[in-house]
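So this block is query.tsv, TSV, C-alpha atoms:
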```
chain	number	residue	atom	x	y	z
A	1430	MET	CA	68.73	-62.85	33.91
A	1431	THR	CA	67.99	-59.90	31.63
A	1432	LYS	CA	66.98	-60.95	28.13
A	1433	ALA	CA	68.02	-59.29	24.88
A	1434	LEU	CA	64.64	-57.58	24.29
A	1435	SER	CA	63.43	-57.32	27.88
A	1436	ARG	CA	62.78	-53.56	27.55
A	1437	ILE	CA	60.69	-53.92	24.39
A	1438	LYS	CA	56.88	-54.00	24.45
A	1439	VAL	CA	55.07	-55.41	21.43
A	1440	LEU	CA	51.37	-55.01	20.64
A	1441	ASP	CA	50.40	-58.09	18.63
A	1442	LEU	CA	47.29	-57.63	16.48
A	1443	SER	CA	48.24	-60.55	14.25
A	1444	ARG	CA	46.74	-63.99	13.92
A	1445	VAL	CA	47.14	-67.30	12.04
A	1446	VAL	CA	50.88	-67.99	11.37
A	1447	ALA	CA	53.27	-65.36	9.98
A	1448	GLY	CA	52.56	-62.63	12.55
A	1449	PRO	CA	52.36	-64.99	15.53
A	1450	VAL	CA	55.66	-66.63	14.48
A	1451	CYS	CA	57.25	-63.18	14.49
A	1452	THR	CA	55.89	-62.14	17.88
A	1453	SER	CA	56.51	-65.52	19.48
A	1454	ILE	CA	60.22	-65.31	18.64
A	1455	LEU	CA	60.35	-61.71	19.87
A	1456	GLY	CA	58.79	-63.05	23.07
A	1457	ASP	CA	61.45	-65.77	23.24
A	1458	LEU	CA	64.01	-62.97	23.17
A	1459	GLY	CA	62.36	-61.29	26.15
A	1460	ALA	CA	59.93	-58.78	24.67
A	1461	ASP	CA	56.59	-58.29	26.46
A	1462	ILE	CA	54.05	-59.46	23.88
A	1463	ILE	CA	50.40	-58.40	24.27
A	1464	LYS	CA	48.31	-60.58	21.94
A	1465	VAL	CA	44.95	-59.04	21.01
A	1466	GLU	CA	41.91	-61.01	19.87
A	1467	GLY	CA	38.27	-60.06	19.67
A	1468	PRO	CA	35.85	-61.21	22.40
A	1469	ASP	CA	34.13	-63.41	19.82
A	1470	PHE	CA	36.67	-63.37	16.97
A	1471	LEU	CA	39.47	-65.71	18.00
A	1472	ASP	CA	42.76	-66.37	16.25
A	1473	GLU	CA	41.77	-68.90	13.58
A	1474	THR	CA	44.46	-71.35	14.63
A	1475	ARG	CA	42.66	-71.94	17.94
A	1476	ALA	CA	40.19	-73.99	15.87
A	1477	TRP	CA	42.80	-75.75	13.71
A	1478	PHE	CA	42.74	-79.27	15.12
A	1479	PRO	CA	43.36	-82.16	15.29
A	1480	PRO	CA	46.02	-82.54	16.52
A	1481	ASP	CA	44.97	-81.13	19.87
A	1482	ILE	CA	45.16	-81.66	23.61
A	1483	GLU	CA	41.70	-81.56	25.16
A	1484	ASP	CA	40.38	-79.43	22.27
A	1485	ILE	CA	43.28	-76.95	22.49
A	1486	SER	CA	44.94	-76.66	19.09
A	1487	LEU	CA	48.58	-77.68	18.90
A	1488	TYR	CA	48.91	-75.52	15.78
A	1489	TYR	CA	48.00	-72.51	17.94
A	1490	MET	CA	50.39	-73.73	20.65
A	1491	ALA	CA	53.25	-73.91	18.14
A	1492	VAL	CA	53.30	-70.18	17.38
A	1493	ASN	CA	51.93	-68.38	20.44
A	1494	ARG	CA	54.20	-69.00	23.41
A	1495	ASN	CA	55.72	-66.21	25.53
A	1496	LYS	CA	52.71	-63.90	25.16
A	1497	ARG	CA	49.97	-62.37	27.26
A	1498	ALA	CA	46.49	-62.52	25.69
A	1499	ILE	CA	43.74	-59.92	25.94
A	1500	THR	CA	40.41	-59.39	24.21
A	1501	VAL	CA	39.41	-56.06	22.68
A	1502	ASN	CA	36.47	-55.35	20.38
A	1503	LEU	CA	37.90	-53.18	17.59
A	1504	LYS	CA	34.38	-52.37	16.39
A	1505	THR	CA	33.76	-50.20	19.46
A	1506	LYS	CA	35.08	-46.72	20.22
A	1507	GLU	CA	36.14	-47.88	23.66
A	1508	GLY	CA	38.03	-50.78	22.15
A	1509	ILE	CA	39.93	-48.52	19.78
A	1510	GLN	CA	40.74	-46.25	22.72
A	1511	ILE	CA	42.23	-49.22	24.60
A	1512	ILE	CA	44.38	-50.02	21.56
A	1513	LYS	CA	45.52	-46.40	21.34
A	1514	LYS	CA	46.56	-46.46	24.99
A	1515	LEU	CA	48.54	-49.62	24.33
A	1516	ILE	CA	50.17	-47.99	21.28
A	1517	GLN	CA	51.33	-45.08	23.41
A	1518	GLU	CA	53.12	-47.51	25.71
A	1519	SER	CA	54.47	-49.87	23.03
A	1520	ASP	CA	57.66	-49.99	21.02
A	1521	VAL	CA	56.34	-52.19	18.23
A	1522	ILE	CA	52.96	-53.10	16.75
A	1523	VAL	CA	52.64	-56.19	14.53
A	1524	GLU	CA	49.50	-56.79	12.47
A	1525	ASN	CA	48.47	-58.81	9.45
A	1526	PHE	CA	45.18	-57.21	8.43
A	1527	LYS	CA	44.42	-56.80	4.73
A	1528	THR	CA	45.92	-53.64	3.24
A	1529	GLY	CA	43.77	-50.65	4.19
A	1530	THR	CA	42.10	-52.20	7.27
A	1531	MET	CA	44.27	-50.38	9.81
A	1532	GLU	CA	43.55	-47.07	8.08
A	1533	ARG	CA	39.80	-47.73	8.24
A	1534	LEU	CA	40.15	-48.37	11.98
A	1535	GLY	CA	41.96	-45.06	12.39
A	1536	LEU	CA	45.15	-46.98	13.16
A	1537	GLY	CA	47.19	-46.47	9.98
A	1538	TYR	CA	50.87	-45.66	10.33
A	1539	GLU	CA	50.28	-41.90	10.20
A	1540	ASP	CA	47.72	-42.25	13.01
A	1541	LEU	CA	50.09	-44.41	15.04
A	1542	LYS	CA	52.98	-42.00	14.50
A	1543	ALA	CA	50.86	-39.13	15.81
A	1544	LEU	CA	50.17	-41.11	18.99
A	1545	ASN	CA	53.73	-42.37	19.40
A	1546	PRO	CA	56.47	-41.04	17.08
A	1547	LYS	CA	58.78	-43.84	18.19
A	1548	ILE	CA	56.39	-46.66	17.27
A	1549	ILE	CA	57.58	-49.32	14.84
A	1550	HIS	CA	54.62	-50.58	12.83
A	1551	CYS	CA	55.17	-53.93	11.14
A	1552	SER	CA	52.52	-54.98	8.62
A	1553	ILE	CA	52.50	-58.53	7.27
A	1554	THR	CA	50.23	-59.07	4.26
A	1555	GLY	CA	49.93	-61.41	1.32
A	1556	PHE	CA	51.28	-58.98	-1.27
A	1557	GLY	CA	52.39	-55.81	0.52
A	1558	HIS	CA	51.03	-52.27	0.66
A	1559	THR	CA	51.92	-51.36	-2.92
A	1560	GLY	CA	51.37	-52.92	-6.32
A	1561	PRO	CA	48.33	-54.22	-8.22
A	1562	TYR	CA	47.80	-57.18	-5.85
A	1563	LYS	CA	47.84	-55.14	-2.62
A	1564	GLN	CA	44.11	-55.60	-1.94
A	1565	LEU	CA	44.09	-59.35	-2.56
A	1566	PRO	CA	43.94	-61.80	0.36
A	1567	GLY	CA	47.11	-63.82	0.69
A	1568	TYR	CA	47.80	-67.27	2.09
A	1569	ASP	CA	50.91	-69.39	2.37
A	1570	PHE	CA	49.81	-71.80	-0.37
A	1571	LEU	CA	49.16	-68.93	-2.80
A	1572	ALA	CA	52.55	-67.37	-2.09
A	1573	GLN	CA	54.34	-70.68	-2.63
A	1574	ALA	CA	52.56	-71.07	-5.97
A	1575	MET	CA	52.67	-67.50	-7.29
A	1576	SER	CA	56.32	-66.90	-6.31
A	1577	GLY	CA	57.59	-69.73	-8.52
A	1578	PHE	CA	58.68	-71.77	-5.50
A	1579	MET	CA	56.33	-74.65	-6.31
A	1580	SER	CA	57.50	-74.74	-9.92
A	1581	VAL	CA	60.96	-75.88	-8.77
A	1582	ASN	CA	59.77	-78.11	-5.93
A	1583	GLY	CA	58.88	-81.75	-6.61
A	1584	ILE	CA	60.22	-84.68	-8.59
A	1585	SER	CA	61.38	-84.09	-12.14
A	1586	ASN	CA	58.58	-86.00	-13.86
A	1587	GLY	CA	55.85	-85.02	-11.38
A	1588	LYS	CA	53.70	-82.02	-10.64
A	1589	PRO	CA	54.77	-78.92	-8.70
A	1590	VAL	CA	54.23	-79.35	-4.96
A	1591	LYS	CA	54.26	-77.06	-1.95
A	1592	ALA	CA	56.54	-77.53	1.02
A	1593	GLY	CA	55.21	-79.64	3.87
A	1594	VAL	CA	55.30	-76.72	6.29
A	1595	ALA	CA	54.08	-73.13	5.80
A	1596	MET	CA	57.31	-71.76	4.35
A	1597	ALA	CA	55.86	-68.43	3.15
A	1598	ASP	CA	54.45	-67.74	6.61
A	1599	LEU	CA	57.69	-68.78	8.26
A	1600	TYR	CA	59.91	-66.69	5.96
A	1601	ALA	CA	57.61	-63.66	6.27
A	1602	GLY	CA	57.65	-64.00	10.06
A	1603	LEU	CA	61.45	-64.15	10.09
A	1604	TYR	CA	61.82	-61.20	7.70
A	1605	ALA	CA	59.39	-59.30	9.93
A	1606	ILE	CA	61.67	-59.92	12.91
A	1607	ILE	CA	64.71	-58.75	10.94
A	1608	SER	CA	62.88	-55.57	9.88
A	1609	ILE	CA	61.78	-54.86	13.46
A	1610	LEU	CA	65.27	-55.35	14.89
A	1611	ALA	CA	66.72	-53.10	12.18
A	1612	ALA	CA	64.05	-50.46	12.88
A	1613	LEU	CA	64.79	-50.61	16.62
A	1614	GLU	CA	68.49	-50.00	15.94
A	1615	ALA	CA	67.64	-47.16	13.54
A	1616	ARG	CA	65.41	-45.66	16.24
A	1617	ASN	CA	68.36	-45.71	18.64
A	1618	GLN	CA	70.15	-43.45	16.17
A	1619	THR	CA	67.29	-41.20	15.01
A	1620	GLY	CA	64.70	-41.34	17.77
A	1621	ARG	CA	62.03	-42.15	15.17
A	1622	GLY	CA	60.01	-45.25	14.46
A	1623	GLN	CA	59.02	-46.43	10.98
A	1624	HIS	CA	56.69	-48.67	8.99
A	1625	CYS	CA	57.89	-52.17	8.04
A	1626	ASP	CA	55.99	-53.57	5.02
A	1627	ILE	CA	56.48	-57.36	4.80
A	1628	SER	CA	54.67	-59.63	2.35
A	1629	LEU	CA	54.39	-63.38	1.94
A	1630	MET	CA	54.92	-63.03	-1.82
A	1631	ASP	CA	58.12	-60.99	-1.45
A	1632	SER	CA	59.44	-63.43	1.12
A	1633	MET	CA	58.95	-66.43	-1.16
A	1634	VAL	CA	60.44	-64.67	-4.20
A	1635	ALA	CA	63.49	-63.83	-2.07
A	1636	SER	CA	63.72	-67.50	-1.06
A	1637	LEU	CA	64.51	-68.48	-4.67
A	1638	LEU	CA	68.14	-67.42	-4.07
A	1639	ASN	CA	70.46	-69.05	-6.63
A	1640	ILE	CA	67.58	-70.44	-8.69
A	1641	GLY	CA	65.97	-67.03	-9.13
A	1642	THR	CA	69.31	-65.33	-9.76
A	1643	GLY	CA	70.18	-68.00	-12.33
A	1644	PHE	CA	66.98	-67.37	-14.28
A	1645	LEU	CA	67.34	-63.57	-14.14
A	1646	ASN	CA	70.78	-63.77	-15.72
A	1647	THR	CA	70.27	-66.58	-18.25
A	1648	GLY	CA	66.55	-66.61	-19.02
A	1649	ASN	CA	66.54	-70.39	-18.64
A	1650	LEU	CA	63.61	-71.84	-16.72
A	1651	PRO	CA	64.93	-74.15	-13.97
A	1652	LYS	CA	63.94	-77.79	-13.77
A	1653	ARG	CA	62.55	-79.68	-10.81
A	1654	TYR	CA	65.20	-82.01	-9.40
A	1655	GLY	CA	63.33	-83.62	-6.53
A	1656	ASN	CA	65.92	-84.73	-3.99
A	1657	GLN	CA	68.80	-84.02	-6.34
A	1658	HIS	CA	70.70	-80.73	-6.55
A	1659	PRO	CA	70.91	-78.59	-9.71
A	1660	THR	CA	74.62	-77.82	-9.28
A	1661	LEU	CA	76.08	-80.55	-7.03
A	1662	VAL	CA	76.44	-84.26	-7.89
A	1663	PRO	CA	76.16	-86.65	-6.06
A	1664	TYR	CA	73.86	-84.75	-3.72
A	1665	GLN	CA	70.69	-86.81	-3.17
A	1666	ASN	CA	69.11	-89.85	-1.57
A	1667	PHE	CA	70.47	-93.34	-2.27
A	1668	GLN	CA	68.97	-96.74	-1.45
A	1669	THR	CA	71.17	-98.91	0.76
A	1670	LYS	CA	70.68	-102.60	1.49
A	1671	ASP	CA	67.93	-101.72	4.02
A	1672	LYS	CA	66.81	-98.07	3.66
A	1673	GLU	CA	67.56	-94.74	2.02
A	1674	ILE	CA	70.22	-92.28	3.16
A	1675	ILE	CA	71.34	-88.84	2.02
A	1676	ILE	CA	74.81	-88.32	0.53
A	1677	ALA	CA	75.78	-84.70	-0.10
A	1678	VAL	CA	79.17	-84.34	-1.79
A	1679	GLY	CA	79.98	-80.64	-1.99
A	1680	ASN	CA	83.28	-80.36	-3.90
A	1681	ASP	CA	85.86	-82.24	-5.95
A	1682	ARG	CA	88.05	-83.15	-2.96
A	1683	GLN	CA	85.09	-84.70	-1.18
A	1684	PHE	CA	84.19	-86.58	-4.35
A	1685	GLN	CA	87.67	-88.08	-4.59
A	1686	ARG	CA	87.56	-89.17	-0.95
A	1687	PHE	CA	84.02	-90.51	-1.37
A	1688	CYS	CA	85.07	-92.61	-4.38
A	1689	SER	CA	87.99	-94.03	-2.44
A	1690	LEU	CA	85.64	-95.09	0.36
A	1691	ILE	CA	83.30	-96.92	-2.02
A	1692	ASN	CA	86.26	-98.54	-3.84
A	1693	ALA	CA	85.61	-96.63	-7.04
A	1694	GLU	CA	88.90	-94.73	-7.37
A	1695	GLU	CA	88.57	-94.79	-11.15
A	1696	LEU	CA	85.59	-92.41	-11.19
A	1697	PRO	CA	87.50	-89.15	-10.47
A	1698	GLN	CA	89.95	-90.13	-13.24
A	1699	ASP	CA	87.12	-90.26	-15.78
A	1700	GLU	CA	86.83	-86.86	-17.48
A	1701	ARG	CA	83.04	-87.15	-17.30
A	1702	PHE	CA	83.17	-87.13	-13.52
A	1703	ALA	CA	86.43	-85.36	-12.67
A	1704	THR	CA	84.90	-81.91	-11.97
A	1705	ALA	CA	81.68	-80.61	-10.43
A	1706	ASN	CA	80.58	-79.15	-13.76
A	1707	ALA	CA	81.24	-82.39	-15.60
A	1708	ARG	CA	79.30	-84.38	-13.04
A	1709	ILE	CA	76.25	-82.17	-13.65
A	1710	ILE	CA	76.44	-82.85	-17.38
A	1711	TYR	CA	76.91	-86.60	-16.93
A	1712	ARG	CA	74.64	-86.98	-13.91
A	1713	GLU	CA	72.57	-89.73	-15.57
A	1714	GLU	CA	75.66	-91.84	-16.18
A	1715	LEU	CA	77.23	-91.34	-12.73
A	1716	ILE	CA	74.29	-91.84	-10.37
A	1717	PRO	CA	73.50	-95.48	-11.40
A	1718	ILE	CA	77.16	-96.43	-10.88
A	1719	ILE	CA	77.13	-95.03	-7.35
A	1720	GLN	CA	73.71	-96.47	-6.58
A	1721	GLU	CA	74.84	-99.98	-7.47
A	1722	VAL	CA	77.68	-99.76	-4.97
A	1723	ILE	CA	75.58	-98.20	-2.20
A	1724	LEU	CA	73.17	-101.16	-2.39
A	1725	THR	CA	75.90	-103.49	-1.10
A	1726	LYS	CA	75.87	-102.26	2.53
A	1727	THR	CA	73.29	-101.22	5.11
A	1728	ALA	CA	72.48	-97.62	5.95
A	1729	ASP	CA	74.29	-97.78	9.28
A	1730	GLN	CA	77.41	-99.27	7.68
A	1731	TRP	CA	77.63	-96.51	5.08
A	1732	LEU	CA	76.76	-93.70	7.49
A	1733	THR	CA	79.42	-94.82	9.96
A	1734	LEU	CA	82.05	-95.07	7.23
A	1735	PHE	CA	81.20	-91.72	5.64
A	1736	GLN	CA	80.88	-89.82	8.90
A	1737	GLU	CA	84.24	-91.11	10.14
A	1738	ASN	CA	85.79	-89.75	6.93
A	1739	ASN	CA	83.98	-86.38	6.82
A	1740	ILE	CA	81.68	-87.13	3.92
A	1741	PRO	CA	78.41	-85.19	4.44
A	1742	CYS	CA	75.64	-87.75	4.89
A	1743	GLY	CA	72.69	-88.57	7.07
A	1744	PRO	CA	69.56	-90.63	7.61
A	1745	ILE	CA	66.08	-89.59	6.43
A	1746	ASN	CA	64.47	-89.38	9.85
A	1747	THR	CA	60.84	-89.61	10.75
A	1748	LEU	CA	59.80	-87.40	13.68
A	1749	ASP	CA	59.97	-90.24	16.21
A	1750	ARG	CA	63.69	-90.53	15.39
A	1751	VAL	CA	64.23	-86.75	15.29
A	1752	PHE	CA	62.96	-86.22	18.81
A	1753	THR	CA	65.05	-89.02	20.30
A	1754	ASP	CA	68.20	-87.92	18.45
A	1755	GLU	CA	71.06	-87.17	20.87
A	1756	GLN	CA	71.99	-84.02	18.96
A	1757	VAL	CA	68.45	-82.65	19.08
A	1758	LEU	CA	68.20	-83.42	22.80
A	1759	GLU	CA	71.61	-81.92	23.59
A	1760	ARG	CA	70.63	-78.72	21.78
A	1761	GLN	CA	67.47	-78.50	23.91
A	1762	MET	CA	65.14	-78.49	20.91
A	1763	ILE	CA	62.35	-79.95	23.05
A	1764	GLN	CA	60.98	-77.68	25.77
A	1765	GLU	CA	58.29	-78.33	28.34
A	1766	VAL	CA	55.90	-75.69	29.67
A	1767	GLU	CA	53.15	-75.88	32.27
A	1768	HIS	CA	49.71	-75.10	30.81
A	1769	PRO	CA	46.84	-74.06	33.14
A	1770	THR	CA	44.28	-76.51	31.72
A	1771	VAL	CA	46.14	-79.42	30.12
A	1772	GLY	CA	49.27	-79.80	32.26
A	1773	ILE	CA	52.69	-80.19	30.68
A	1774	VAL	CA	52.92	-79.28	26.98
A	1775	LYS	CA	55.98	-80.04	24.87
A	1776	LEU	CA	57.05	-77.30	22.45
A	1777	LEU	CA	59.86	-76.93	19.95
A	1778	GLY	CA	62.97	-75.30	21.33
A	1779	SER	CA	64.51	-72.15	19.87
A	1780	PRO	CA	67.42	-72.41	17.43
A	1781	ILE	CA	68.72	-69.09	18.80
A	1782	LYS	CA	71.53	-69.79	21.28
A	1783	LEU	CA	72.80	-66.66	23.08
A	1784	SER	CA	75.57	-66.97	25.67
A	1785	ASP	CA	74.74	-63.90	27.77
A	1786	THR	CA	70.97	-63.49	27.25
A	1787	PRO	CA	69.70	-67.03	26.67
A	1788	VAL	CA	66.32	-67.73	25.13
A	1789	THR	CA	63.77	-69.37	27.41
A	1790	ILE	CA	60.05	-70.09	27.41
A	1791	GLU	CA	58.59	-68.07	30.26
A	1792	ARG	CA	54.90	-68.22	29.34
A	1793	HIS	CA	52.60	-70.94	28.04
A	1794	PRO	CA	50.58	-70.22	24.88
A	1795	PRO	CA	47.84	-68.13	26.49
A	1796	LEU	CA	44.18	-68.94	26.83
A	1797	HIS	CA	41.75	-66.66	25.02
A	1798	GLY	CA	41.74	-63.34	26.88
A	1799	GLU	CA	43.68	-64.83	29.80
A	1800	HIS	CA	45.46	-61.59	30.74
A	1801	THR	CA	42.83	-58.98	29.83
A	1802	GLU	CA	42.22	-57.71	33.35
A	1803	GLU	CA	45.94	-57.74	34.19
A	1804	VAL	CA	46.86	-55.63	31.15
A	1805	LEU	CA	43.97	-53.18	31.55
A	1806	LEU	CA	44.90	-52.60	35.19
A	1807	GLU	CA	48.45	-51.80	34.02
A	1808	LEU	CA	46.96	-49.26	31.59
A	1809	GLY	CA	45.24	-47.47	34.49
A	1810	TYR	CA	41.70	-48.78	34.16
A	1811	ASP	CA	40.03	-49.73	37.44
A	1812	LYS	CA	38.00	-52.85	38.17
A	1813	HIS	CA	34.68	-51.00	37.80
A	1814	GLU	CA	35.64	-49.82	34.30
A	1815	ILE	CA	36.78	-53.31	33.35
A	1816	GLU	CA	33.47	-54.80	34.53
A	1817	SER	CA	31.63	-52.18	32.48
A	1818	PHE	CA	33.71	-53.07	29.40
A	1819	MET	CA	32.76	-56.71	29.85
A	1820	GLU	CA	29.05	-55.87	30.13
A	1821	ASP	CA	29.23	-53.74	26.96
A	1822	LYS	CA	31.25	-56.40	25.08
A	1823	VAL	CA	34.18	-54.06	24.63
A	1824	ILE	CA	36.46	-56.81	25.93
```
Go ahead and render the structure in this file as structure tokens.
Amino acid sequence: MTKALSRIKVLDLSRVVAGPVCTSILGDLGADIIKVEGPDFLDETRAWFPPDIEDISLYYMAVNRNKRAITVNLKTKEGIQIIKKLIQESDVIVENFKTGTMERLGLGYEDLKALNPKIIHCSITGFGHTGPYKQLPGYDFLAQAMSGFMSVNGISNGKPVKAGVAMADLYAGLYAIISILAALEARNQTGRGQHCDISLMDSMVASLLNIGTGFLNTGNLPKRYGNQHPTLVPYQNFQTKDKEIIIAVGNDRQFQRFCSLINAEELPQDERFATANARIIYREELIPIIQEVILTKTADQWLTLFQENNIPCGPINTLDRVFTDEQVLERQMIQEVEHPTVGIVKLLGSPIKLSDTPVTIERHPPLHGEHTEEVLLELGYDKHEIESFMEDKVI
């Protein structure tokens, strides 16, 4: 079955997380992804283990499926010529070199445009191609800290903390995909490619959403609320008789129904708790009242009661529970792929569900340089030339 991006060819010069996330998802959607690494300079995530399977990094596996991998030495003229041939045949190039590196290689956007006016060049950097920080190296942790994200993440009386996964890399990778898809549609109208400039810092600042907008318009620095919500109450974790659960009441009607279920019909009649705004003001008075009631039943008893009556709630699952959850299994969020050296590898499924062009995993996360000969033959090089490149450490 034809996939949504089956006619799109992507040259992937990226490594680590943000760029590979972007290109992996484009590969899920059917694009032909050519991942480039140096003969001796591997994607850093190949060495990020444990966890691993037979010394193959599962971090690398997580963000590099649906790609073909080649090696090219960008420090050689022949290597640059190979890249230029690939650019002439590609629709998109994704890279996450420091600002200025592509220009020094003779592969800046103006150079790429001269080779292929339709090329879409997506750069992913720490801070973007403009501004006083443009030359600084950028990492997920830095972006989470410098964007203000960490300042609002954590418990109220504790220190700022980062998210448990690489949110800046993930957001930047997703924004990169959005920019590429928009540029492809624009190209359909104009016939021209363009440069997409995506930064980890921008992506994390954009993630502040209501919190950032609130500060911009009031000047009030937001607090850290931990598992509570700044504008919804009750919207947090509660301890039951045996373990904690999440209760997320989103409006006044839900609050009235919730109070009826916990036999506390008097609470919505109290002017301190009658409206969402009032509940924010009197949060410290309300939460202990609710907590005392929630302690009287087990987690399963409360979750069953609330779910049957459309009160948003849920367990706090560890990963062993997540990956045996009937909903997760039904939505095919676990996928298996055959790997040439370690056998069956389990990967996370895609959240993108398309009825006519479904997302599938067609290729295992590739071995280092696994498809070099295959791709070079497609470019018109013969076996003698490829052997010569190997001898000269061009590939």
(message) Using only C-alpha atoms, which protein or nucleic acid residues come within 12 Å of Ile1723 in chain A? Drop anything in the same chain fewer than 5 positions from it, and give the result as a list of chain:residue names.
(response)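 What passes the distance filter is A:Asn1666, A:Phe1667, A:Gln1668, A:Thr1669, A:Lys1670, A:Asp1671, A:Lys1672, A:Glu1673, A:Ile1674, A:Ile1675, A:Ile1676, A:Phe1687, A:Cys1688, A:Leu1690, A:Ile1691, A:Asn1692, A:Ala1693, A:Ile1716, A:Pro1717, A:Ile1718, A:Ala1728, A:Asp1729, A:Gln1730, A:Trp1731, A:Leu1732, A:Leu1734, A:Phe1735.
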(message) So that I can check the surroundings of Ser1784 in chain A, please list as a list of chain:residue names every protein, DNA and RNA residue that reaches within 12 Å of it, counting only C-alpha atoms and ignoring chain neighbours fewer than 3 positions away.
(response)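 The filter keeps A:Met1430, A:Thr1431, A:Lys1432, A:Ala1433, A:Ile1781, A:Pro1787, A:Val1788.
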(request) Please identify all polymer residues within 6 Å of range 1652-1663 of chain A, counting all atoms listed in the file, omitting same-chain residues fewer than 4 positions from it, and present them as a PyMOL selection string. (result) chain A and resi 1581-1585+1678+1708
(request) Could you please determine the separation between CA of Leu1613 in chain A and CA of Thr1528 in chain A in Å, to one decimal place? (result)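 Atom-to-atom, CA of Leu1613 in chain A and CA of Thr1528 in chain A are spaced 23.3 Å apart.
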(message) Taking all atoms listed in the file into account, name the residue in A:Leu1458, A:Leu1603, A:Ile1516, A:Cys1742 that is nearest to Ala1677 in chain A.
(response)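 The shortest atom-to-atom distance to Ala1677 in chain A comes from A:Cys1742.
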(message) Counting only C-alpha atoms, I want the residues whose atoms come within 7 Å of (45.9, -73.2, 13.8) in the file frame, returned as a PyMOL selection string.
(response) chain A and resi 1445+1473-1478+1486+1488-1489
(message) Env of Leu1808 in chain A: 12 Å cut, atoms = only C-alpha atoms, seq-sep filter 2 positions within chain, self excluded. Answer as a PyMOL selection string.
(response) chain A and resi 1510-1519+1801-1806+1810-1812+1814-1815
(request) Could you tell me which of A:Arg1792, A:Val1446, A:Lys1464, A:Gln1761 comes closest to Val1594 in chain A if we count all atoms listed in the file? (result)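 Closest to Val1594 in chain A of all the choices is A:Val1446.
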